[in-house]
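Data block below; observations after.
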Amino acid sequence: MSDFFNNATLDNFDTVSIESLPPFKNMYLILFFLIFLYSLAANFAHPITPTFIKELGLHDYMFGVAFSCMALTNFLFSPLWSKLSEKYGGAKVLSIGLLGYGVMQVFFGISKTEVQICIARLVAGFFLSGISVSQLIYCLKNSKDVSKDLAICATVNMVVSPFGFLIGGFLGDWNILGTFYIQGISLFLIGLLGLLIFGDSDTEDVKLHKEDLNPFKAFGDSKDIITKFVFLFLIVAAISSFGSTCYEQCFNYYIKDVFNFPSSYNGILKAGVGIIALIANWTITMMLLKTNTFKTIVPVFGMLFLMLVGVCVIDDMVPFIIINVVFFGMNSIYLPLQQAMMTKYKTRNNGELVGLFNAVRSIGMVLGSLLAGLIYGVGPKASFVVSAIAFGLCIILSISNYKESERV
């Protein structure tokens, strides 16, 4: 095999003992608590964004463009944040990301033009990248059971996020701008709380140079870990992220534009998703994590593909909403599986793979949200069709990735 697999196996990699984590023994409880609060507050603005855009009289495509701006900087700065997390600690980076993200959500809320919205979203994505990467780095460096802890992080995020939608939806019916202020202040306070109570383990003496500020150089530095095996894994991560984002961005705008749902209805739907996601993750996901995830992720993508086909052909409101709620719940399964798959690799620097994983998912978010906005005018369900095709590709590529995993 390649040079990568001379130094990489599918064995579990070395981890730092959790007892060494200062200043508390149960740092993971604090991590999960912070993720809980973050997942709640970070979603306050999502159900009100379609209404926000319509009230400003902006183009329909802005719902996709705004999200793609945030995802773009999330993509560009993921490798940089992975290095910063290794040098200064994931806990500190997580807290700083929360502080900056909170400030930028206030700027998003007071924006009046398309340019102002794009700038606010670009800067917000920079800080969001730090939040996303630091969680993964923290688990990879400190956990005794990486797959389990990453699955818990993903589950907390996926289950709690819909209830953030619910709160944000009702806040939006009260006051759109007020919702942005509440969200920004909440995220900022969570960041301060993280600085006060969240401790790091040992950090690494990672050398940072001016050229590290070049996001594309960071991708070049990781070229030595890219093999066919890793490449297939990253491509599936990107395409699945693309499919999910293209679908979700269109759905949020679709139910406002076609069914004229108020913000609170969007929140209620996502709360239903949260219940289904909770059941799915604590039953199906935990069971699948004990299997060969390279193999079991294939039927998961198959189920998502079939449900998207149903979304494309159903027009009646009630069955359309029901199948979408079920899809969102099932959609929460594949990410914990992908994170578990990532922990199977042992490289000289686990942070590089984490940065790449977050980066390629962000690429999918950029392209998915941008395409969702641009093709909405072609047909409200055009994005659903594209998403179905994306998950169909994930089935084929995941089969190839499984076959590669059997050879190493």
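Chain identifiers are assigned as A, B, and so on, following the order in which chains appear in the structure tokens; residues are numbered from 1 within each chain, and ligands are numbered from 1 in order of appearance.
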Would you return as number ranges by chain the members of range 318-395 of chain A that DSSP assigns to helix (DSSP H, G or I) on this structure's backbone?
A: 318-331, 334-342, 350-374, 382-395
Give me the residues within 9 Å of Val385 in chain A as a ChimeraX atom specification, counting only C-alpha atoms and dropping any in the same chain fewer than 6 places off.
/A:247,308-309,311-312
Give me the range 36-98 of chain A side of the contact with range 262-284 of chain A, cut-off 8 Å, one line per residue showing its nearest atom pair and distance in Å at one decimal, counting only C-alpha atoms, sorted by chain and residue number, as JSON lines.
```
{"residue": "A:Pro47", "atom": "CA", "partner": "A:Ser263", "partner_atom": "CA", "distance": 5.4}
{"residue": "A:Ile48", "atom": "CA", "partner": "A:Ser263", "partner_atom": "CA", "distance": 5.6}
{"residue": "A:Thr51", "atom": "CA", "partner": "A:Ser263", "partner_atom": "CA", "distance": 7.4}
```
One decimal, Å: what's the distance from CA of Gln183 in chain A over to CA of Val106 in chain A, could you say?
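Spanning CA of Gln183 in chain A to CA of Val106 in chain A is a straight-line distance of 7.7 Å.
The residue that comes closest to Leu356 in chain A, out of A:Asn43, A:Ser129, A:Thr179, A:Ser95 and on the basis of only C-alpha atoms, is A:Ser129.
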What lies within 10 Å of Thr155 in chain A using only C-alpha atoms, ignoring chain neighbours under 3 positions off, as a PyMOL selection string?
chain A and resi 32+36+149-152+158-161+274+277-278+280-282+285+332-333+335-336
Excluding same-chain residues fewer than 5 positions from Asp315 in chain A, what lies within 12 Å of it counting only C-alpha atoms, as a PyMOL selection string?
chain A and resi 255+258-259+310+320-324+380-381
Can you measure CA of Cys118 in chain A to CA of Leu193 in chain A for me? One decimal in Å is fine.
28.8 Å
Pick from A:His46, A:Gly220, A:Leu306, A:Phe198: nearest to Met27 in chain A, with only C-alpha atoms counted?
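Answer, going by the shortest atom-to-atom distance: A:Phe198.
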Taken to one decimal, the CA of Ala388 in chain A-CA of Phe305 in chain A distance is 5.4 Å
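Closest approach to Arg121 in chain A among A:Leu34, A:Ile185, A:Val366, A:Met317 is made by A:Val366 (distances from only C-alpha atoms).
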If we count only C-alpha atoms and set the cut-off at 12 Å, which residues sit around Phe52 in chain A, ignoring sequence neighbours fewer than 6 positions away in its own chain? Please answer as a ChimeraX atom specification.
/A:45-46,58-60,62-63,66,108-114,117,169,172-173,175-180,253,256,262-263
For the residues in the current selection, export N, CA, C and O atoms as an mmCIF file, in the first residue's frame.
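Resulting contents of part.cif:
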```
data_model
loop_
_atom_site.group_PDB
_atom_site.id
_atom_site.type_symbol
_atom_site.label_atom_id
_atom_site.label_comp_id
_atom_site.auth_asym_id
_atom_site.auth_seq_id
_atom_site.Cartn_x
_atom_site.Cartn_y
_atom_site.Cartn_z
ATOM 1 N N ALA A 45 -31.461 31.660 15.085
ATOM 2 C CA ALA A 45 -31.671 32.498 13.897
ATOM 3 C C ALA A 45 -32.135 31.721 12.670
ATOM 4 O O ALA A 45 -32.658 32.313 11.724
ATOM 5 N N HIS A 46 -31.940 30.406 12.640
ATOM 6 C CA HIS A 46 -32.255 29.641 11.429
ATOM 7 C C HIS A 46 -33.721 29.724 11.003
ATOM 8 O O HIS A 46 -34.009 29.947 9.818
ATOM 9 N N LEU A 58 -34.996 41.235 -0.163
ATOM 10 C CA LEU A 58 -33.834 40.759 -0.903
ATOM 11 C C LEU A 58 -34.234 39.636 -1.859
ATOM 12 O O LEU A 58 -35.337 39.105 -1.791
ATOM 13 N N HIS A 59 -33.308 39.268 -2.751
ATOM 14 C CA HIS A 59 -33.571 38.189 -3.702
ATOM 15 C C HIS A 59 -33.732 36.859 -2.978
ATOM 16 O O HIS A 59 -33.130 36.625 -1.925
ATOM 17 N N ASP A 60 -34.514 35.953 -3.583
ATOM 18 C CA ASP A 60 -34.734 34.632 -2.993
ATOM 19 C C ASP A 60 -33.422 33.864 -2.812
ATOM 20 O O ASP A 60 -33.267 33.099 -1.859
ATOM 21 N N MET A 62 -30.713 34.697 -1.729
ATOM 22 C CA MET A 62 -29.891 35.095 -0.592
ATOM 23 C C MET A 62 -29.932 34.088 0.551
ATOM 24 O O MET A 62 -29.001 34.015 1.347
ATOM 25 N N PHE A 63 -30.993 33.267 0.638
ATOM 26 C CA PHE A 63 -31.019 32.278 1.718
ATOM 27 C C PHE A 63 -29.896 31.269 1.531
ATOM 28 O O PHE A 63 -29.315 30.774 2.501
ATOM 29 N N ALA A 66 -26.189 33.466 1.693
ATOM 30 C CA ALA A 66 -25.781 33.827 3.058
ATOM 31 C C ALA A 66 -25.148 32.642 3.773
ATOM 32 O O ALA A 66 -24.088 32.766 4.402
ATOM 33 N N PHE A 108 -25.046 40.219 11.892
ATOM 34 C CA PHE A 108 -25.941 39.634 10.904
ATOM 35 C C PHE A 108 -27.350 40.208 11.064
ATOM 36 O O PHE A 108 -28.003 40.596 10.094
ATOM 37 N N GLY A 109 -27.811 40.312 12.286
ATOM 38 C CA GLY A 109 -29.167 40.786 12.558
ATOM 39 C C GLY A 109 -29.404 42.243 12.207
ATOM 40 O O GLY A 109 -30.526 42.619 11.850
ATOM 41 N N ILE A 110 -28.340 43.059 12.301
ATOM 42 C CA ILE A 110 -28.516 44.487 12.014
ATOM 43 C C ILE A 110 -28.161 44.829 10.565
ATOM 44 O O ILE A 110 -28.221 45.991 10.167
ATOM 45 N N SER A 111 -27.808 43.808 9.776
ATOM 46 C CA SER A 111 -27.487 44.036 8.363
ATOM 47 C C SER A 111 -28.748 44.418 7.590
ATOM 48 O O SER A 111 -29.843 43.917 7.876
ATOM 49 N N LYS A 112 -28.572 45.294 6.606
ATOM 50 C CA LYS A 112 -29.697 45.769 5.806
ATOM 51 C C LYS A 112 -29.549 45.453 4.315
ATOM 52 O O LYS A 112 -30.532 45.485 3.581
ATOM 53 N N THR A 113 -28.328 45.182 3.878
ATOM 54 C CA THR A 113 -28.089 44.945 2.457
ATOM 55 C C THR A 113 -27.485 43.554 2.250
ATOM 56 O O THR A 113 -27.003 42.916 3.201
ATOM 57 N N GLU A 114 -27.475 43.119 1.008
ATOM 58 C CA GLU A 114 -26.908 41.815 0.692
ATOM 59 C C GLU A 114 -25.412 41.778 0.983
ATOM 60 O O GLU A 114 -24.892 40.766 1.468
ATOM 61 N N ILE A 117 -24.831 41.461 4.749
ATOM 62 C CA ILE A 117 -25.132 40.092 5.194
ATOM 63 C C ILE A 117 -23.986 39.152 4.834
ATOM 64 O O ILE A 117 -23.564 38.322 5.650
ATOM 65 N N GLY A 169 -37.936 30.087 16.615
ATOM 66 C CA GLY A 169 -39.155 30.314 15.851
ATOM 67 C C GLY A 169 -40.163 31.159 16.604
ATOM 68 O O GLY A 169 -40.743 32.103 16.049
ATOM 69 N N GLY A 172 -38.898 34.634 16.965
ATOM 70 C CA GLY A 172 -39.049 35.360 15.706
ATOM 71 C C GLY A 172 -40.457 35.897 15.507
ATOM 72 O O GLY A 172 -40.642 36.980 14.933
ATOM 73 N N ASP A 173 -41.469 35.141 15.971
ATOM 74 C CA ASP A 173 -42.841 35.649 15.889
ATOM 75 C C ASP A 173 -43.008 36.893 16.759
ATOM 76 O O ASP A 173 -43.860 37.746 16.475
ATOM 77 N N ASN A 175 -40.152 39.091 17.707
ATOM 78 C CA ASN A 175 -39.322 40.164 17.167
ATOM 79 C C ASN A 175 -38.106 39.568 16.465
ATOM 80 O O ASN A 175 -37.328 38.837 17.094
ATOM 81 N N ILE A 176 -37.941 39.870 15.190
ATOM 82 C CA ILE A 176 -36.827 39.324 14.410
ATOM 83 C C ILE A 176 -35.483 39.829 14.924
ATOM 84 O O ILE A 176 -34.577 39.045 15.229
ATOM 85 N N LEU A 177 -35.332 41.143 15.037
ATOM 86 C CA LEU A 177 -34.061 41.711 15.487
ATOM 87 C C LEU A 177 -33.750 41.275 16.913
ATOM 88 O O LEU A 177 -32.592 40.964 17.247
ATOM 89 N N GLY A 178 -34.780 41.236 17.757
ATOM 90 C CA GLY A 178 -34.572 40.808 19.133
ATOM 91 C C GLY A 178 -34.028 39.394 19.221
ATOM 92 O O GLY A 178 -33.216 39.074 20.109
ATOM 93 N N THR A 179 -34.440 38.533 18.290
ATOM 94 C CA THR A 179 -33.944 37.157 18.272
ATOM 95 C C THR A 179 -32.441 37.123 18.007
ATOM 96 O O THR A 179 -31.700 36.359 18.641
ATOM 97 N N PHE A 180 -31.980 37.946 17.067
ATOM 98 C CA PHE A 180 -30.547 38.008 16.775
ATOM 99 C C PHE A 180 -29.756 38.506 17.990
ATOM 100 O O PHE A 180 -28.676 37.991 18.300
ATOM 101 N N TYR A 253 -36.679 27.387 3.418
ATOM 102 C CA TYR A 253 -37.275 28.460 2.619
ATOM 103 C C TYR A 253 -38.561 27.997 1.946
ATOM 104 O O TYR A 253 -39.509 28.773 1.783
ATOM 105 N N LYS A 256 -41.733 28.248 4.021
ATOM 106 C CA LYS A 256 -42.142 29.640 4.191
ATOM 107 C C LYS A 256 -42.740 30.179 2.904
ATOM 108 O O LYS A 256 -43.786 30.856 2.901
ATOM 109 N N PRO A 262 -45.356 30.355 9.449
ATOM 110 C CA PRO A 262 -44.651 31.335 10.281
ATOM 111 C C PRO A 262 -43.396 30.710 10.886
ATOM 112 O O PRO A 262 -43.229 29.485 10.845
ATOM 113 N N SER A 263 -42.533 31.539 11.468
ATOM 114 C CA SER A 263 -41.267 31.049 12.024
ATOM 115 C C SER A 263 -41.487 29.981 13.086
ATOM 116 O O SER A 263 -40.725 29.012 13.185
#
```
